[in-house]
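K.L.:
So here's query_24.txt (compact mmCIF, C-alpha atoms).
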```
# COMPACT_ATOMS: atom_id res chain seq x y z
CA MET A 1 14.58 -26.01 -53.73
CA ALA A 2 11.61 -25.45 -51.54
CA ALA A 3 8.35 -27.08 -52.51
CA THR A 4 4.89 -27.11 -50.98
CA VAL A 5 2.68 -30.14 -51.39
CA VAL A 6 -1.06 -29.53 -51.16
CA ARG A 7 -2.64 -32.80 -50.10
CA ALA A 8 -6.32 -31.88 -49.92
CA ALA A 9 -8.19 -33.80 -52.62
CA SER A 10 -11.00 -31.27 -52.62
CA TYR A 11 -8.62 -28.52 -53.81
CA LEU A 12 -7.69 -30.40 -57.02
CA PRO A 13 -10.75 -29.51 -59.17
CA THR A 14 -10.60 -25.89 -58.10
CA LEU A 15 -6.93 -25.43 -58.96
CA CYS A 16 -7.17 -27.40 -62.19
CA SER A 17 -10.09 -25.24 -63.35
CA ALA A 18 -7.96 -22.06 -63.27
CA PRO A 19 -7.40 -20.13 -66.54
CA ALA A 20 -5.06 -21.71 -69.01
CA GLY A 21 -2.64 -18.79 -68.87
CA LEU A 22 -1.85 -19.54 -65.24
CA LEU A 23 -1.27 -23.25 -65.73
CA SER A 24 1.34 -25.22 -67.61
CA SER A 25 1.60 -29.02 -67.88
CA PRO A 26 4.96 -30.82 -67.68
CA GLY A 27 3.55 -33.61 -69.93
CA THR A 28 2.81 -36.28 -67.32
CA ARG A 29 -0.58 -37.97 -67.09
CA ASP A 30 -1.41 -37.88 -63.31
CA SER A 31 0.14 -34.63 -62.11
CA CYS A 32 -0.12 -30.89 -62.80
CA HIS A 33 2.70 -28.43 -62.44
CA PHE A 34 1.46 -24.95 -61.51
CA SER A 35 4.47 -22.78 -62.29
CA SER A 36 2.64 -19.43 -62.41
CA LEU A 37 0.87 -20.09 -59.10
CA ALA A 38 4.14 -21.19 -57.52
CA HIS A 39 5.79 -18.00 -58.71
CA ALA A 40 2.98 -15.94 -57.13
CA LEU A 41 3.50 -17.71 -53.81
CA GLN A 42 7.31 -17.48 -54.18
CA THR A 43 7.53 -21.24 -54.02
CA GLN A 44 6.84 -24.27 -56.19
CA CYS A 45 3.59 -26.15 -55.57
CA TRP A 46 3.11 -29.79 -56.58
CA ILE A 47 -0.48 -31.06 -56.70
CA SER A 48 -0.71 -34.82 -56.50
CA SER A 49 -3.71 -36.90 -57.44
CA ALA A 50 -6.22 -38.21 -54.92
CA SER A 51 -4.89 -41.74 -55.29
CA ASN A 52 -1.45 -40.69 -54.06
CA PHE A 53 -2.80 -38.59 -51.13
CA MET A 54 -0.70 -38.64 -47.96
CA GLY A 55 -1.53 -36.73 -44.71
CA GLN A 56 1.03 -35.01 -42.49
CA GLN A 57 0.12 -32.88 -39.43
CA TYR A 58 1.96 -29.60 -38.95
CA ARG A 59 1.54 -27.07 -36.13
CA SER A 60 2.88 -23.57 -36.44
CA TYR A 61 2.75 -23.06 -32.67
CA SER A 62 3.83 -24.89 -29.52
CA PHE A 63 3.17 -24.78 -25.79
CA PHE A 64 5.57 -21.88 -25.36
CA THR A 65 4.36 -19.80 -28.29
CA LYS A 66 0.60 -19.98 -27.73
CA LEU A 67 0.85 -18.86 -24.05
CA THR A 68 1.94 -15.43 -22.93
CA ALA A 69 4.77 -14.83 -20.47
CA ASP A 70 2.30 -13.90 -17.70
CA GLU A 71 0.40 -17.16 -18.14
CA LEU A 72 3.62 -19.19 -18.06
CA TRP A 73 4.74 -17.42 -14.87
CA LYS A 74 1.39 -18.07 -13.23
CA GLY A 75 1.81 -21.75 -13.90
CA ALA A 76 5.35 -21.76 -12.54
CA LEU A 77 4.47 -19.83 -9.38
CA ALA A 78 1.20 -21.72 -8.69
CA GLU A 79 -0.84 -18.52 -8.79
CA THR A 80 -3.71 -20.30 -10.52
CA GLY A 81 -5.20 -23.77 -10.52
CA ALA A 82 -7.11 -25.89 -8.06
CA GLY A 83 -4.34 -25.75 -5.46
CA ALA A 84 -4.25 -21.97 -5.40
CA ARG A 85 -8.06 -21.73 -5.30
CA LYS A 86 -8.21 -24.03 -2.30
CA GLY A 87 -5.43 -22.24 -0.45
CA ARG A 88 -2.77 -24.93 -0.90
CA GLY A 89 0.75 -23.94 -0.01
CA LYS A 90 -0.29 -20.75 1.76
CA ARG A 91 2.35 -21.21 4.45
CA THR A 92 5.23 -21.74 2.03
CA LYS A 93 7.59 -18.96 1.12
CA ARG A 94 6.21 -17.09 -1.85
CA LYS A 95 8.33 -17.20 -4.98
CA ARG A 96 9.05 -13.91 -6.67
CA ARG A 97 8.73 -13.44 -10.40
CA LYS A 98 12.13 -13.06 -12.07
CA ASP A 99 13.07 -11.34 -15.29
CA LEU A 100 15.22 -14.00 -16.91
CA ASN A 101 16.21 -11.67 -19.75
CA ARG A 102 17.63 -9.04 -17.42
CA GLY A 103 21.28 -8.44 -18.21
CA GLN A 104 21.14 -10.76 -21.21
CA ILE A 105 21.39 -9.68 -24.85
CA ILE A 106 20.44 -12.42 -27.31
CA GLY A 107 23.34 -13.04 -29.63
CA GLU A 108 26.09 -11.67 -27.39
CA GLY A 109 28.98 -13.98 -26.54
CA ARG A 110 32.63 -14.08 -25.72
CA SER A 111 33.63 -14.32 -29.36
CA GLY A 112 32.03 -10.97 -30.19
CA PHE A 113 30.04 -12.03 -33.25
CA LEU A 114 27.50 -9.56 -34.64
CA TRP A 115 24.32 -11.34 -35.68
CA PRO A 116 21.86 -9.33 -37.85
CA GLY A 117 18.47 -9.21 -36.18
CA LEU A 118 19.80 -10.16 -32.72
CA ASN A 119 22.48 -7.84 -31.39
CA ILE A 120 22.64 -5.52 -34.44
CA PRO A 121 19.89 -4.18 -36.73
CA LEU A 122 18.86 -6.44 -39.59
CA MET A 123 18.87 -3.72 -42.24
CA ARG A 124 21.38 -0.95 -42.78
CA ASP A 125 21.19 1.60 -45.60
CA GLY A 126 18.51 -0.51 -47.28
CA ALA A 127 20.61 -3.68 -47.38
CA VAL A 128 20.71 -6.75 -45.17
CA GLN A 129 23.79 -6.80 -42.95
CA THR A 130 26.13 -9.75 -42.94
CA ILE A 131 27.57 -11.64 -39.98
CA ALA A 132 30.64 -9.87 -38.63
CA GLN A 133 32.90 -9.92 -35.58
CA ARG A 134 34.06 -7.16 -33.22
CA SER A 135 37.66 -6.32 -32.64
CA LYS A 136 39.34 -7.42 -29.44
CA GLU A 137 39.29 -3.89 -27.92
CA GLU A 138 35.59 -3.37 -28.67
CA GLN A 139 34.69 -6.76 -27.21
CA GLU A 140 36.57 -6.01 -23.97
CA LYS A 141 34.73 -2.68 -23.65
CA VAL A 142 31.31 -4.32 -24.15
CA GLU A 143 32.07 -7.02 -21.55
CA ALA A 144 33.23 -4.38 -19.04
CA ASP A 145 29.98 -2.42 -19.47
CA ILE A 146 27.89 -5.56 -18.90
CA ILE A 147 29.85 -6.44 -15.75
CA GLN A 148 29.42 -2.90 -14.40
CA LYS A 149 25.65 -3.02 -14.95
CA ARG A 150 25.36 -6.38 -13.19
CA GLU A 151 27.36 -5.15 -10.20
CA GLU A 152 25.11 -2.10 -9.94
CA TRP A 153 21.99 -4.30 -9.99
CA ASP A 154 23.44 -6.54 -7.27
CA ARG A 155 24.27 -3.51 -5.13
CA LYS A 156 20.72 -2.16 -5.47
CA ARG A 157 19.27 -5.57 -4.66
CA LYS A 158 21.31 -5.91 -1.48
CA MET A 159 20.61 -2.34 -0.41
CA LYS A 160 17.99 -2.20 2.38
CA VAL A 161 15.61 0.73 2.51
CA LYS A 162 15.83 2.23 5.98
CA ARG A 163 12.38 3.24 7.15
CA GLU A 164 11.51 5.52 10.00
CA ARG A 165 11.33 3.79 13.36
CA GLY A 166 7.88 3.47 14.90
CA TRP A 167 6.90 2.52 18.44
CA SER A 168 9.31 -0.42 18.42
CA GLY A 169 11.87 -1.84 16.07
CA ASN A 170 9.80 -4.78 14.84
CA SER A 171 6.41 -3.10 14.55
CA TRP A 172 4.64 -1.02 11.91
CA GLY A 173 2.86 1.04 14.57
CA GLY A 174 3.86 4.71 14.53
CA VAL A 175 5.62 4.54 11.14
CA SER A 176 5.00 7.54 8.87
CA LEU A 177 3.58 7.00 5.37
CA GLY A 178 3.89 10.61 4.27
CA PRO A 179 1.06 12.80 2.96
CA PRO A 180 -1.91 11.31 1.08
CA ASP A 181 -1.86 11.18 -2.70
CA PRO A 182 -3.24 14.18 -4.67
CA GLY A 183 -6.95 14.15 -5.41
CA PRO A 184 -8.62 13.83 -8.83
CA ASN A 185 -9.11 17.60 -9.12
CA GLY A 186 -5.49 18.43 -8.35
CA GLU A 187 -5.89 19.08 -4.62
CA THR A 188 -2.78 18.27 -2.57
CA TYR A 189 -2.31 17.37 1.09
CA ASP A 190 1.33 18.29 1.62
CA ASP A 191 0.67 19.65 5.13
CA PHE A 192 -0.83 16.32 6.29
CA ASP A 193 1.06 13.38 7.71
CA THR A 194 -0.05 9.75 7.92
CA ARG A 195 0.82 7.39 10.76
CA ILE A 196 0.19 3.66 10.99
CA LEU A 197 -1.70 2.55 14.10
CA GLU A 198 -2.16 -1.15 13.41
CA VAL A 199 -1.34 -3.79 10.80
CA ARG A 200 -3.14 -7.12 11.08
CA ASN A 201 -3.47 -10.23 8.94
CA VAL A 202 -7.11 -11.23 8.55
CA PHE A 203 -8.56 -14.31 6.90
CA ASN A 204 -11.82 -15.01 5.12
CA MET A 205 -13.08 -18.55 4.59
CA THR A 206 -14.73 -19.04 1.20
CA ALA A 207 -16.27 -22.12 -0.42
CA LYS A 208 -14.07 -22.18 -3.54
CA GLU A 209 -10.80 -20.60 -2.49
CA GLY A 210 -10.74 -21.67 1.15
CA ARG A 211 -8.84 -19.51 3.62
CA LYS A 212 -8.03 -16.20 1.90
CA LYS A 213 -5.50 -13.95 3.57
CA SER A 214 -5.74 -10.14 3.55
CA VAL A 215 -3.93 -7.32 5.30
CA ARG A 216 -5.97 -4.81 7.30
CA VAL A 217 -4.33 -1.48 8.10
CA LEU A 218 -5.57 1.23 10.48
CA VAL A 219 -4.01 4.66 9.90
CA ALA A 220 -4.56 8.21 11.15
CA VAL A 221 -3.88 11.45 9.28
CA GLY A 222 -3.61 15.02 10.53
CA ASN A 223 -2.07 18.40 9.84
CA GLY A 224 -1.16 19.34 13.43
CA ARG A 225 -3.69 22.20 13.46
CA GLY A 226 -6.86 20.45 14.59
CA ALA A 227 -7.80 18.53 11.41
CA ALA A 228 -7.39 14.77 11.76
CA GLY A 229 -9.09 11.53 10.79
CA PHE A 230 -8.64 7.79 10.57
CA ALA A 231 -9.60 4.99 8.18
CA ILE A 232 -9.09 1.31 7.44
CA GLY A 233 -7.57 -0.14 4.29
CA LYS A 234 -7.72 -3.80 3.31
CA ALA A 235 -5.93 -5.51 0.44
CA THR A 236 -4.02 -8.66 -0.44
CA GLU A 237 -0.69 -6.83 -0.51
CA ARG A 238 0.51 -4.73 2.41
CA MET A 239 1.56 -1.70 0.35
CA ASP A 240 -1.82 -1.60 -1.41
CA ALA A 241 -3.53 -1.60 1.98
CA PHE A 242 -1.31 1.30 3.11
CA ARG A 243 -2.21 3.30 0.03
CA LYS A 244 -5.95 2.61 0.35
CA ALA A 245 -6.08 3.53 4.04
CA LYS A 246 -4.01 6.68 3.58
CA ASN A 247 -6.12 8.03 0.73
CA ARG A 248 -9.38 7.07 2.43
CA ALA A 249 -8.58 8.67 5.78
CA VAL A 250 -8.29 12.14 4.29
CA HIS A 251 -11.98 11.95 3.31
CA TYR A 252 -13.11 11.38 6.93
CA LEU A 253 -11.58 14.33 8.76
CA HIS A 254 -12.69 15.69 12.14
CA TYR A 255 -11.94 19.17 13.39
CA ILE A 256 -10.90 19.00 17.04
CA GLU A 257 -11.22 22.13 19.17
CA ARG A 258 -8.12 22.88 21.26
CA TYR A 259 -7.75 25.20 24.20
CA GLU A 260 -5.01 27.71 23.39
CA ASP A 261 -3.79 25.26 20.72
CA HIS A 262 -2.17 22.92 23.24
CA THR A 263 -4.75 20.93 25.25
CA ILE A 264 -8.43 20.02 25.59
CA PHE A 265 -11.10 22.32 27.08
CA HIS A 266 -12.18 20.09 29.97
CA ASP A 267 -11.78 16.63 31.43
CA ILE A 268 -13.50 13.86 29.46
CA SER A 269 -14.53 10.42 30.66
CA LEU A 270 -16.16 8.04 28.20
CA THR A 271 -16.86 4.39 27.52
CA PHE A 272 -16.82 3.07 23.95
CA LYS A 273 -17.91 -0.57 23.88
CA ARG A 274 -15.46 -2.25 26.29
CA THR A 275 -12.85 0.53 26.19
CA HIS A 276 -12.79 3.14 28.97
CA ILE A 277 -10.86 6.38 28.39
CA LYS A 278 -10.38 9.14 30.91
CA MET A 279 -8.76 12.35 29.65
CA LYS A 280 -7.60 15.29 31.74
CA LYS A 281 -6.77 18.83 30.77
CA LYS A 282 -3.18 19.78 31.63
CA PRO A 283 -1.18 23.04 31.70
CA ARG A 284 1.38 24.00 29.12
CA GLY A 285 4.59 22.00 29.32
CA TYR A 286 3.02 18.88 30.86
CA GLY A 287 3.46 16.74 27.74
CA LEU A 288 1.60 13.70 26.46
CA HIS A 289 1.12 11.07 29.17
CA CYS A 290 -1.12 8.43 27.59
CA HIS A 291 -1.24 5.33 25.42
CA ARG A 292 1.29 5.27 22.58
CA ALA A 293 -1.46 5.21 19.96
CA LEU A 294 -3.10 8.23 21.60
CA ILE A 295 0.25 10.02 21.63
CA THR A 296 0.51 9.52 17.87
CA ILE A 297 -3.04 10.77 17.31
CA CYS A 298 -2.50 13.80 19.57
CA ARG A 299 0.57 14.82 17.60
CA LEU A 300 -1.41 14.60 14.37
CA ILE A 301 -4.18 16.72 15.88
CA GLY A 302 -1.86 19.26 17.48
CA ILE A 303 -2.50 18.50 21.17
CA LYS A 304 0.69 18.96 23.19
CA ASP A 305 -0.44 18.52 26.81
CA ILE A 306 -2.89 15.88 27.98
CA TYR A 307 -3.23 12.96 30.37
CA ALA A 308 -5.25 9.94 29.28
CA LYS A 309 -5.88 6.68 31.10
CA VAL A 310 -7.07 3.66 29.12
CA SER A 311 -8.66 0.72 30.89
CA GLY A 312 -10.66 -2.28 29.81
CA SER A 313 -10.23 -3.42 26.23
CA VAL A 314 -7.30 -1.98 24.32
CA ASN A 315 -8.60 -2.93 20.89
CA MET A 316 -6.91 -0.44 18.57
CA LEU A 317 -9.95 0.30 16.44
CA ASN A 318 -12.25 0.85 19.43
CA LEU A 319 -9.58 2.91 21.15
CA THR A 320 -9.21 5.19 18.11
CA ARG A 321 -12.93 5.54 17.54
CA GLY A 322 -13.60 6.27 21.21
CA PHE A 323 -10.83 8.87 21.38
CA PHE A 324 -12.12 10.76 18.33
CA HIS A 325 -15.69 10.40 19.63
CA GLY A 326 -14.77 12.08 22.91
CA LEU A 327 -12.65 14.87 21.42
CA SER A 328 -15.18 15.82 18.76
CA ARG A 329 -17.96 16.19 21.37
CA GLN A 330 -16.15 18.33 23.92
CA GLU A 331 -17.78 21.61 24.91
CA THR A 332 -15.82 24.81 24.39
CA HIS A 333 -15.78 27.63 26.97
CA GLN A 334 -17.85 29.86 24.72
CA GLN A 335 -20.49 27.16 24.23
CA LEU A 336 -20.66 26.63 28.01
CA ALA A 337 -21.02 30.39 28.63
CA ASP A 338 -23.86 30.69 26.12
CA LYS A 339 -25.55 27.62 27.59
CA LYS A 340 -25.42 28.84 31.21
CA ASN A 341 -25.62 32.61 30.49
CA LEU A 342 -22.74 33.04 32.92
CA HIS A 343 -19.08 33.95 32.78
CA VAL A 344 -16.68 31.01 32.59
CA VAL A 345 -13.63 31.48 34.80
CA GLU A 346 -10.47 29.47 35.24
CA PHE A 347 -8.10 29.14 38.17
CA ARG A 348 -4.44 28.82 37.30
CA GLU A 349 -1.54 27.97 39.51
CA GLU A 350 0.48 31.02 38.51
CA CYS A 351 -2.41 33.38 39.35
CA GLY A 352 -3.17 31.97 42.81
CA PRO A 353 -6.77 32.35 44.03
CA LEU A 354 -7.65 34.98 41.42
CA PRO A 355 -9.95 33.67 38.67
CA ILE A 356 -9.41 34.43 34.99
CA VAL A 357 -12.44 34.98 32.75
CA VAL A 358 -11.98 32.79 29.68
CA ALA A 359 -15.46 33.24 28.10
CA SER A 360 -18.52 35.46 28.43
CA PRO A 361 -22.07 34.87 27.13
CA LEU A 362 -23.15 36.67 23.98
CA GLY A 363 -26.49 37.63 25.56
CA ALA A 364 -27.40 39.04 28.95
CA VAL A 365 -25.78 37.57 32.03
CA ARG A 366 -28.27 36.06 34.42
CA LYS A 367 -28.30 37.24 38.03
CA ASP A 368 -28.79 34.02 39.98
CA PRO A 369 -25.71 31.82 40.20
CA GLU A 370 -25.50 28.16 39.22
CA PRO A 371 -26.93 25.96 42.02
CA GLU A 372 -24.46 23.61 43.62
CA ASP A 373 -25.35 19.97 44.04
CA GLU A 374 -25.45 18.71 47.59
CA VAL A 375 -23.84 15.46 46.51
CA PRO A 376 -21.38 15.99 43.66
CA ASP A 377 -21.82 13.57 40.80
CA ILE A 378 -18.19 12.52 40.62
CA ARG A 379 -16.96 9.01 40.00
CA LEU A 380 -13.72 8.52 41.84
CA ASP A 381 -11.03 6.32 40.39
CA TRP A 382 -9.68 4.14 43.16
CA GLU A 383 -6.21 4.04 41.58
CA GLU A 384 -6.05 7.84 41.61
CA VAL A 385 -7.28 7.95 45.21
CA LYS A 386 -4.45 5.64 46.27
CA VAL A 387 -1.90 7.81 44.47
CA VAL A 388 -3.23 11.01 46.12
CA GLN A 389 -3.21 9.46 49.59
CA GLY A 390 0.31 8.12 49.12
CA MET A 391 -0.75 4.50 49.10
CA LYS A 392 0.66 3.93 45.61
CA HIS A 393 3.63 5.49 43.91
CA SER A 394 3.83 5.51 40.13
CA VAL A 395 7.21 4.92 38.53
CA TRP A 396 6.25 7.41 35.80
CA SER A 397 5.35 10.29 38.14
CA ASN A 398 8.63 12.18 37.87
CA LEU A 399 9.41 11.21 34.28
CA LYS A 400 9.96 14.15 31.92
CA ARG A 401 9.42 13.44 28.25
CA ALA A 402 11.11 15.33 25.47
CA ALA A 403 9.09 18.16 23.98
CA THR A 404 7.65 17.43 20.55
```
Could I get this file's structure written as structure tokens?
P.N.:
Amino acid sequence: MAATVVRAASYLPTLCSAPAGLLSSPGTRDSCHFSSLAHALQTQCWISSASNFMGQQYRSYSFFTKLTADELWKGALAETGAGARKGRGKRTKRKRRKDLNRGQIIGEGRSGFLWPGLNIPLMRDGAVQTIAQRSKEEQEKVEADIIQKREEWDRKRKMKVKRERGWSGNSWGGVSLGPPDPGPNGETYDDFDTRILEVRNVFNMTAKEGRKKSVRVLVAVGNGRGAAGFAIGKATERMDAFRKAKNRAVHYLHYIERYEDHTIFHDISLTFKRTHIKMKKKPRGYGLHCHRALITICRLIGIKDIYAKVSGSVNMLNLTRGFFHGLSRQETHQQLADKKNLHVVEFREECGPLPIVVASPLGAVRKDPEPEDEVPDIRLDWEEVKVVQGMKHSVWSNLKRAAT
């Protein structure tokens, strides 16, 4: 028979002053038996006098019940605390959070007992179910289903996701991330593609947390029809950095003018910080002969034929910014014709010495021709001079790349 003992001396006058209909005395001198109150609480209460007071501590919770599962996992994986804030153990292999209840049903066993409230519902048709046991055939079927599920989970865990190969087998450069995510207003970018240019681990030294590691990702997006852009994403996790960079790059698009949708309008030579880039216009079918990052960007833009020489610093960010800076500021044939008020002609190998008019001014054509400089302002590249004079032979001169 369950009984509850209230040991607070201050509660005695209050309970003893209740109406007489709720109280009944068993006839003893130093105790009161509250039968009606016990019936209301579905138990029997015994109120002892202050002289016989005894204290007993009782906690309805423990260490495991007052903390959530996430807080317990953080303590087990050292995600919080002074060590994590100061960067302790940053070079150790990171432990992954496991679902310990996966594949486990509380109450299931080899004997096949059915426990109400664990592996079967507590109530059925308004009545509490009793403990029962499955038949041998039913138990064998349940065990076979559990084994099949566990084998399927193990097969999925061991299965490796094969990603598209980039520039090399052990590098993220050149790997496709697919189109950017849809915008907030429902706009989609299905015709765009995203390519990774660089993935780097960066660190920031803070006073409280010490050396914090982050992943910085440089990506480029484009639709192959002149619209392209690039952006940087930074996050603690690599996949979050990919997502940030991909969705940010689509908001910084450049429109690149292309001559006949396959090459640039004229040769470009530029210097961006310590990076020197020299681009040359090439005929159709020449291909992309340049840095592998520039090849990736040209395919996103839609340029099919170009030669580019990179010298100096090959910092990926400066290389990308300088390349977009030069392409976005090139002068089209029509802009040159309007600027000079002259016809713009082009000499092609298949036409011999006959010029081809590619642009004409919108206004009147001026009569006097463009004066020629006595000393041409041309900076010669000594490496190119040696190749032209036969002093140096490039191993890539007769290489034919596959058309893309």
K.L.:
Please tell me which residues are no farther than 12 Å from (-16.6, 8.6, 36.2) in the file, counting all atoms listed in the file, and write them as a list in words.
P.N.:
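Protein, DNA and RNA residues close to (-16.6, 8.6, 36.2): Asp267, Ile268, Ser269, Leu270, Thr271, His276, Ile277, Lys278, Met279, Pro376, Asp377, Ile378, Arg379, Leu380, Asp381, Trp382 and Glu384 of chain A.
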K.L.:
Limited to C-alpha atoms, could you put the picked residues into a file as a PDB file, keeping the file's coordinate frame?
P.N.:
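Generated output (again13.pdb):
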```pdb
ATOM      1  CA  ASP A 267     -11.780  16.630  31.430  1.00  0.00           C
ATOM      2  CA  ILE A 268     -13.500  13.860  29.460  1.00  0.00           C
ATOM      3  CA  SER A 269     -14.530  10.420  30.660  1.00  0.00           C
ATOM      4  CA  LEU A 270     -16.160   8.040  28.200  1.00  0.00           C
ATOM      5  CA  THR A 271     -16.860   4.390  27.520  1.00  0.00           C
ATOM      6  CA  HIS A 276     -12.790   3.140  28.970  1.00  0.00           C
ATOM      7  CA  ILE A 277     -10.860   6.380  28.390  1.00  0.00           C
ATOM      8  CA  LYS A 278     -10.380   9.140  30.910  1.00  0.00           C
ATOM      9  CA  MET A 279      -8.760  12.350  29.650  1.00  0.00           C
ATOM     10  CA  PRO A 376     -21.380  15.990  43.660  1.00  0.00           C
ATOM     11  CA  ASP A 377     -21.820  13.570  40.800  1.00  0.00           C
ATOM     12  CA  ILE A 378     -18.190  12.520  40.620  1.00  0.00           C
ATOM     13  CA  ARG A 379     -16.960   9.010  40.000  1.00  0.00           C
ATOM     14  CA  LEU A 380     -13.720   8.520  41.840  1.00  0.00           C
ATOM     15  CA  ASP A 381     -11.030   6.320  40.390  1.00  0.00           C
ATOM     16  CA  TRP A 382      -9.680   4.140  43.160  1.00  0.00           C
ATOM     17  CA  GLU A 384      -6.050   7.840  41.610  1.00  0.00           C
TER      18      GLU A 384
END
```
K.L.:
Can you work out which one of A:Lys273, A:Thr188, A:Phe203, A:Leu288 has the shortest atom-to-atom distance to Asn247 in chain A, counting all atoms listed in the file?
P.N.:
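Counting all atoms listed in the file, the residue closest to Asn247 in chain A is A:Thr188.
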K.L.:
Enter the distance from CA of Ala241 in chain A to CA of Ile256 in chain A, in Å, rounded to one decimal.
P.N.:
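Value for the CA of Ala241 in chain A-CA of Ile256 in chain A distance: 26.6 Å.
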K.L.:
Using Å and a single decimal, report how far CA of Ser111 in chain A sits from CA of Met123 in chain A.
P.N.:
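Between CA of Met123 in chain A and CA of Ser111 in chain A the gap is 22.3 Å.
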K.L.:
Skip Phe324 in chain A itself and residues of its chain fewer than 6 positions away, then list as a PyMOL selection string all residues within 10 Å of it, counting all atoms listed in the file.
P.N.:
chain A and resi 228-230+254-256+294+297+318
K.L.:
What is the distance between CA of Val310 in chain A and CA of Tyr259 in chain A, in Å to one decimal?
P.N.:
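Interatomic distance, CA of Val310 in chain A to CA of Tyr259 in chain A: 22.1 Å.
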K.L.:
Could you list, as a list in words, every residue within 12 Å of Ile295 in chain A, counting only C-alpha atoms and ignoring same-chain residues fewer than 6 positions away?
P.N.:
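My reading of the contact set: Trp167, Gly173, Gly174, Arg195, Leu197, Ala220, Gly287, Leu288, His289, Ile301, Gly302, Ile303, Lys304, Asp305, Ile306, Tyr307, Ala308, Lys309, Thr320, Phe323, Arg401 and Thr404 of chain A.
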K.L.:
Which is closest to Arg248 in chain A among A:Ser168, A:Gly183, A:Met159, A:Lys212, if we use only C-alpha atoms?
P.N.:
A:Gly183
